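Structure file model37.txt with compact mmCIF, C-alpha atoms:
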# COMPACT_ATOMS: atom_id res chain seq x y z
CA MET A 120 -4.58 20.24 31.43
CA THR A 121 -4.89 21.79 27.97
CA THR A 122 -7.67 20.60 25.68
CA GLN A 123 -6.75 20.41 22.02
CA VAL A 124 -9.17 22.45 19.93
CA ALA A 125 -10.36 20.86 16.71
CA THR A 126 -9.61 22.63 13.46
CA LYS A 127 -10.94 21.92 10.01
CA PRO A 128 -8.23 20.39 7.80
CA THR A 129 -7.62 21.69 4.30
CA VAL A 130 -7.98 18.88 1.77
CA THR A 131 -6.58 19.51 -1.71
CA PRO A 132 -7.53 16.68 -4.09
CA ASN A 133 -5.74 15.82 -7.29
CA PRO A 134 -7.62 16.94 -10.43
CA ASP A 135 -9.23 13.50 -10.95
CA GLY A 136 -10.05 13.09 -7.25
CA PHE A 137 -7.66 10.16 -6.73
CA GLY A 138 -5.24 11.20 -4.00
CA ALA A 139 -5.24 14.39 -1.91
CA ALA A 140 -2.95 16.48 0.28
CA VAL A 141 -4.06 17.38 3.81
CA THR A 142 -2.75 20.46 5.58
CA GLY A 143 -3.75 22.49 8.63
CA LEU A 144 -3.31 19.64 11.11
CA ASP A 145 -0.67 18.52 13.59
CA ILE A 146 -0.73 14.74 13.49
CA SER A 147 2.03 14.44 16.09
CA ARG A 148 -0.76 14.73 18.68
CA PRO A 149 -3.98 12.72 18.94
CA LEU A 150 -6.57 14.27 16.63
CA PRO A 151 -9.85 15.40 18.20
CA ALA A 152 -12.84 13.34 17.10
CA ALA A 153 -14.12 15.94 14.63
CA GLU A 154 -10.71 16.32 12.96
CA LEU A 155 -10.20 12.58 12.75
CA ALA A 156 -13.67 12.12 11.24
CA ALA A 157 -12.92 14.76 8.61
CA VAL A 158 -9.63 13.09 7.70
CA LYS A 159 -11.23 9.67 7.49
CA ALA A 160 -13.96 11.08 5.24
CA ALA A 161 -11.27 12.53 2.97
CA PHE A 162 -9.52 9.15 2.94
CA ALA A 163 -12.73 7.39 1.92
CA ALA A 164 -13.20 9.91 -0.88
CA HIS A 165 -9.64 9.98 -2.25
CA SER A 166 -7.95 6.65 -1.24
CA VAL A 167 -4.47 8.20 -0.87
CA LEU A 168 -3.70 11.05 1.56
CA SER A 169 -0.43 12.87 2.11
CA PHE A 170 0.40 15.06 5.11
CA PRO A 171 3.41 17.31 4.34
CA ASP A 172 5.70 18.80 6.97
CA GLN A 173 4.90 16.38 9.78
CA PRO A 174 8.01 15.51 11.82
CA LEU A 175 7.15 12.37 13.81
CA THR A 176 8.92 10.28 16.42
CA HIS A 177 8.39 6.53 16.53
CA ASP A 178 5.88 6.99 19.34
CA GLN A 179 3.95 9.59 17.38
CA LEU A 180 3.88 7.48 14.21
CA GLU A 181 2.56 4.51 16.18
CA ALA A 182 -0.03 6.65 17.96
CA PHE A 183 -1.31 8.12 14.69
CA THR A 184 -1.52 4.63 13.18
CA LEU A 185 -3.57 3.38 16.12
CA GLN A 186 -6.13 6.15 15.58
CA TRP A 187 -7.10 4.24 12.43
CA GLY A 188 -7.16 0.74 13.91
CA ALA A 189 -5.01 -2.04 15.31
CA PHE A 190 -1.58 -2.70 13.84
CA GLY A 191 -1.43 -5.08 10.90
CA TRP A 192 0.81 -8.15 10.71
CA ASP A 193 3.98 -7.56 8.67
CA PRO A 194 5.83 -10.82 7.91
CA TYR A 195 9.03 -11.60 6.00
CA ILE A 196 10.78 -8.29 6.80
CA ALA A 197 12.71 -7.56 9.99
CA PRO A 198 11.24 -4.53 11.82
CA LEU A 199 13.18 -1.97 13.79
CA ALA A 200 14.87 -3.64 16.75
CA ASP A 201 12.74 -1.97 19.41
CA ARG A 202 9.60 -1.37 17.33
CA PRO A 203 7.93 -4.58 16.10
CA HIS A 204 5.26 -2.62 14.19
CA ILE A 205 7.60 -0.26 12.29
CA LEU A 206 9.46 -1.40 9.19
CA GLU A 207 12.33 0.72 7.94
CA VAL A 208 12.23 0.93 4.16
CA ARG A 209 15.86 1.81 3.53
CA ARG A 210 18.05 1.78 0.45
CA ASN A 211 21.62 2.76 1.14
CA ALA A 212 23.53 4.99 -1.25
CA ASP A 213 25.85 2.19 -2.36
CA GLU A 214 23.14 -0.41 -3.01
CA THR A 215 22.46 -1.60 -6.54
CA VAL A 216 19.74 -4.17 -5.80
CA ALA A 217 16.19 -3.73 -7.04
CA VAL A 218 14.08 -1.10 -5.31
CA PHE A 219 11.97 -2.67 -2.54
CA GLY A 220 8.32 -2.73 -3.59
CA GLY A 221 9.22 -1.87 -7.16
CA THR A 222 6.39 -3.83 -8.81
CA TRP A 223 2.67 -3.09 -8.77
CA HIS A 224 1.06 -4.66 -5.69
CA SER A 225 -1.43 -4.35 -2.84
CA ASP A 226 0.30 -4.81 0.50
CA TRP A 227 0.13 -8.33 1.91
CA SER A 228 -2.89 -9.39 -0.17
CA PHE A 229 -1.63 -12.95 0.45
CA GLN A 230 -2.97 -12.76 4.03
CA GLU A 231 -6.38 -14.02 5.11
CA MET A 232 -7.13 -10.47 6.28
CA PRO A 233 -4.82 -8.10 4.37
CA PRO A 234 -4.03 -4.72 5.94
CA ALA A 235 -6.59 -2.05 5.22
CA ILE A 236 -4.12 0.82 5.27
CA THR A 237 -0.39 1.33 4.86
CA MET A 238 1.37 4.41 6.23
CA LEU A 239 4.80 5.59 5.15
CA HIS A 240 6.70 8.41 6.85
CA ALA A 241 9.59 9.97 4.97
CA LYS A 242 12.85 10.45 6.85
CA VAL A 243 15.52 10.81 4.13
CA ILE A 244 14.43 11.62 0.58
CA PRO A 245 16.92 11.78 -2.32
CA PRO A 246 17.04 14.87 -4.54
CA VAL A 247 15.99 12.84 -7.60
CA GLY A 248 13.70 9.84 -8.22
CA GLY A 249 11.96 7.73 -5.62
CA ASP A 250 8.36 8.60 -6.55
CA THR A 251 5.56 6.18 -5.67
CA LEU A 252 2.86 5.36 -8.22
CA TYR A 253 -0.71 4.64 -7.13
CA ALA A 254 -3.42 3.04 -9.28
CA ASP A 255 -7.15 3.47 -8.66
CA GLY A 256 -8.93 0.11 -8.49
CA TYR A 257 -12.36 1.76 -8.30
CA ARG A 258 -12.15 3.58 -11.62
CA ALA A 259 -10.38 0.63 -13.25
CA TRP A 260 -13.39 -1.54 -12.38
CA GLU A 261 -15.93 1.09 -13.43
CA ALA A 262 -14.22 1.55 -16.82
CA LEU A 263 -14.79 -2.09 -17.83
CA THR A 264 -17.72 -3.00 -20.04
CA PRO A 265 -20.84 -4.44 -18.35
CA ALA A 266 -20.25 -7.74 -20.16
CA PHE A 267 -16.71 -8.10 -18.78
CA GLN A 268 -17.84 -6.99 -15.32
CA ALA A 269 -20.44 -9.76 -15.37
CA LEU A 270 -17.72 -12.30 -16.19
CA LEU A 271 -15.39 -11.09 -13.45
CA ALA A 272 -17.83 -10.39 -10.61
CA PRO A 273 -18.29 -14.01 -9.37
CA LEU A 274 -14.63 -15.01 -9.69
CA ASN A 275 -12.21 -15.73 -6.84
CA THR A 276 -8.44 -15.39 -7.06
CA VAL A 277 -5.57 -17.19 -5.34
CA HIS A 278 -2.97 -15.07 -3.51
CA SER A 279 0.45 -16.16 -2.24
CA ALA A 280 3.72 -14.58 -1.07
CA SER A 281 5.79 -17.33 -2.68
CA ARG A 282 7.13 -15.34 -5.64
CA PRO A 283 8.90 -12.67 -3.57
CA TYR A 284 9.30 -14.29 -0.14
CA GLY A 285 9.36 -18.07 -0.66
CA GLU A 286 12.52 -20.10 -0.10
CA LYS A 287 13.06 -20.00 -3.87
CA GLY A 288 11.59 -16.54 -4.32
CA PHE A 289 13.11 -13.34 -5.60
CA TYR A 290 14.49 -12.10 -2.30
CA ALA A 291 15.98 -15.49 -1.39
CA GLN A 292 18.10 -15.34 -4.54
CA GLU A 293 19.21 -11.72 -4.58
CA GLN A 294 22.52 -10.52 -3.16
CA GLY A 295 23.76 -7.14 -1.98
CA ARG A 296 20.78 -5.77 -0.05
CA THR A 297 22.14 -3.99 3.03
CA GLY A 298 19.47 -1.49 4.02
CA MET A 299 16.75 -4.04 4.87
CA THR A 300 16.67 -7.59 6.19
CA ILE A 301 14.31 -9.79 4.17
CA LEU A 302 13.24 -13.07 5.79
CA PRO A 303 12.28 -15.65 3.12
CA SER A 304 10.27 -18.57 4.47
CA ALA A 305 8.51 -21.75 3.42
CA LYS A 306 5.40 -20.24 5.04
CA ALA A 307 5.24 -17.84 2.08
CA ASP A 308 3.92 -20.69 -0.08
CA LYS A 309 0.60 -20.68 1.78
CA THR A 310 -2.35 -19.47 -0.30
CA TYR A 311 -5.59 -17.62 0.38
CA VAL A 312 -8.59 -17.11 -1.86
CA HIS A 313 -10.11 -13.63 -2.26
CA PRO A 314 -12.82 -12.21 -4.53
CA LEU A 315 -11.47 -10.73 -7.74
CA VAL A 316 -13.87 -7.81 -7.30
CA ARG A 317 -13.89 -6.45 -3.77
CA THR A 318 -16.64 -4.39 -2.15
CA HIS A 319 -15.11 -1.74 0.09
CA PRO A 320 -16.41 -2.07 3.68
CA VAL A 321 -16.58 1.71 4.19
CA THR A 322 -17.59 3.20 0.84
CA GLY A 323 -19.57 0.27 -0.56
CA ARG A 324 -17.87 0.81 -3.94
CA LYS A 325 -16.48 -2.07 -5.97
CA ALA A 326 -12.79 -2.28 -6.91
CA LEU A 327 -10.56 -4.73 -8.72
CA PHE A 328 -8.57 -6.65 -6.08
CA VAL A 329 -5.73 -8.34 -7.97
CA ASN A 330 -2.05 -7.53 -8.34
CA PRO A 331 0.88 -9.04 -10.28
CA VAL A 332 3.05 -9.83 -7.24
CA TYR A 333 0.69 -11.81 -5.01
CA THR A 334 -2.22 -12.90 -7.25
CA VAL A 335 -1.07 -16.23 -8.70
CA GLY A 336 -4.24 -17.53 -10.35
CA ILE A 337 -8.00 -17.60 -10.62
CA GLU A 338 -9.84 -20.33 -8.73
CA ASP A 339 -11.20 -23.17 -10.90
CA MET A 340 -9.43 -21.91 -14.03
CA SER A 341 -6.45 -23.31 -15.89
CA GLU A 342 -3.12 -21.50 -15.78
CA ALA A 343 -3.58 -20.36 -19.36
CA GLU A 344 -7.06 -18.97 -18.68
CA SER A 345 -5.92 -17.24 -15.48
CA THR A 346 -2.88 -15.77 -17.18
CA ALA A 347 -4.97 -14.31 -20.01
CA ILE A 348 -7.52 -12.64 -17.74
CA LEU A 349 -5.09 -11.47 -15.07
CA GLY A 350 -2.60 -10.22 -17.64
CA PHE A 351 -5.29 -8.05 -19.18
CA LEU A 352 -6.38 -6.72 -15.79
CA PHE A 353 -2.84 -5.91 -14.63
CA LYS A 354 -2.28 -3.87 -17.79
CA HIS A 355 -5.71 -2.24 -17.60
CA MET A 356 -5.47 -1.25 -13.91
CA THR A 357 -2.15 0.52 -14.38
CA GLU A 358 -3.04 2.59 -17.43
CA ASP A 359 -2.01 6.22 -17.08
CA ARG A 360 -5.61 7.39 -16.70
CA PHE A 361 -5.89 5.53 -13.37
CA VAL A 362 -2.41 6.35 -12.01
CA TYR A 363 -1.22 9.09 -9.66
CA ARG A 364 2.52 9.81 -9.33
CA HIS A 365 3.34 10.83 -5.77
CA ARG A 366 6.42 12.91 -5.02
CA TRP A 367 7.91 12.71 -1.56
CA ALA A 368 9.48 15.29 0.73
CA PRO A 369 11.18 14.82 4.11
CA ASN A 370 8.74 14.54 7.03
CA MET A 371 5.80 13.76 4.74
CA LEU A 372 3.42 11.03 5.89
CA THR A 373 1.37 9.27 3.23
CA LEU A 374 -1.29 6.62 3.76
CA TRP A 375 -3.14 4.60 1.19
CA ASP A 376 -6.05 2.18 1.03
CA ASN A 377 -4.94 -1.34 0.10
CA ARG A 378 -8.56 -2.37 -0.35
CA CYS A 379 -9.02 -0.32 -3.52
CA CYS A 380 -5.65 0.67 -4.96
CA LEU A 381 -2.26 -0.64 -6.02
CA HIS A 382 1.12 1.03 -5.59
CA ASN A 383 4.58 0.75 -7.09
CA ALA A 384 7.87 2.20 -5.81
CA THR A 385 10.07 3.73 -8.50
CA GLY A 386 13.85 4.06 -8.54
CA GLY A 387 16.03 6.62 -10.22
CA TYR A 388 18.06 7.60 -7.16
CA ASP A 389 21.11 5.34 -7.34
CA GLY A 390 23.93 6.83 -5.29
CA TYR A 391 21.59 8.42 -2.79
CA GLU A 392 20.18 7.16 0.52
CA ARG A 393 16.40 6.87 0.96
CA VAL A 394 14.77 6.05 4.30
CA LEU A 395 11.08 5.80 5.25
CA HIS A 396 9.26 4.20 8.18
CA ARG A 397 6.21 2.06 7.54
CA THR A 398 3.26 0.83 9.58
CA THR A 399 0.08 -0.99 8.58
CA VAL A 400 -3.47 -0.98 9.92
CA ALA A 401 -5.23 -4.33 10.24
CA GLY A 402 -8.03 -5.06 7.79
CA ASP A 403 -10.80 -7.60 7.38
CA ALA A 404 -11.42 -10.51 5.04
CA PRO A 405 -12.19 -9.21 1.54
CA ARG A 406 -15.78 -9.73 0.44
CA ALA A 407 -17.41 -9.65 -2.95

Show this structure as structure tokens.
Amino acid sequence: MTTQVATKPTVTPNPDGFGAAVTGLDISRPLPAAELAAVKAAFAAHSVLSFPDQPLTHDQLEAFTLQWGAFGWDPYIAPLADRPHILEVRRNADETVAVFGGTWHSDWSFQEMPPAITMLHAKVIPPVGGDTLYADGYRAWEALTPAFQALLAPLNTVHSASRPYGEKGFYAQEQGRTGMTILPSAKADKTYVHPLVRTHPVTGRKALFVNPVYTVGIEDMSEAESTAILGFLFKHMTEDRFVYRHRWAPNMLTLWDNRCCLHNATGGYDGYERVLHRTTVAGDAPRA
């Protein structure tokens, strides 16, 4: 029996420290404890990690996911037929519907315990377009004035999947999506309350935890008051100074931290196929 020898990964952060590329590892095999610890430390420091040139089977993608924690719960989208924990994010070349995930959001924040991590493995990448944008909730929080931080810190927000996945939601009304099967449901109208400012369970840092898809209001505030505050925050969080544009390549695996950042899928590849496989890692209940 051969013992896998640990190597030190090479971590190359973006200039502002938000997002990093990791090379020098083979994630198709279980990582030794020292390697995994180094990768997790890089993840805590940079929030978004990409691993280029990593061909992965379904088994290998699932095994790598489980090194980070149990699988998350992924409702309202049909998974691969034989893989209940893998979603295929596919847009066929002849589709003209909106890009899936094409609005700023934090994955499944409408759940009582939203997923901590999302992983996306690139299978087919078009020659143009298809970048993913990431926004840093840590720095967005830290850039606010102390007076506004004091206003926001005690607030709770209401999250729901109704806008995209409800029986009258966006996906229930669209036509022409062939690459993915969306499953609208009355269950999407259920709501959960989370702190507007979330303390990360690993880093201890505070981050804004709101997004324009699933955050539908602020607890104990009127619609007008909620709209004013949330509208400002949505614009603030996605300013260029907090955003990293991620470019994909085939066989690249990217994972991001839903507890402290938003993401947004871009288009620009009409006429080309794009296919990625997605898993999530279970999280805990957000805390202030």

Next item on the list: Step by step: start from the point (13.3, -17.3, -6.7) in the file's coordinates, keep every protein, DNA or RNA residue that has an atom no farther than 12 Å from it, count only C-alpha atoms, and write the set as JSON, numbers by chain.
Entry: {"A": [280, 281, 282, 283, 284, 285, 286, 287, 288, 289, 290, 291, 292, 293, 294, 303, 304, 307, 308]}

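Using all atoms listed in the file, the protein and nucleic acid residues lying no more than 9 Å from Gly350 in chain A, apart from those fewer than 5 places from it along its own chain, are A:Pro331, A:Ser345, A:His355.
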
Could you write out that same residue set with C-alpha atoms as a PDB file, keeping the file's coordinate frame?
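File written: again25.pdb
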ATOM      1  CA  PRO A 331       0.880  -9.040 -10.280  1.00  0.00           C
ATOM      2  CA  SER A 345      -5.920 -17.240 -15.480  1.00  0.00           C
ATOM      3  CA  HIS A 355      -5.710  -2.240 -17.600  1.00  0.00           C
TER       4      HIS A 355
END

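Atom pair CA of Phe162 in chain A / CA of Pro134 in chain A has a distance of 15.6 Å (rounded to one decimal).
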
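For the pair CA of Arg406 in chain A and CA of Trp223 in chain A, the interatomic distance is 21.7 Å.
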
Note to self: For a test of reading the model, state the distance in Å between CA of Gly191 in chain A and CA of Pro234 in chain A, rounded to one decimal.
What the structure shows: 5.6 Å
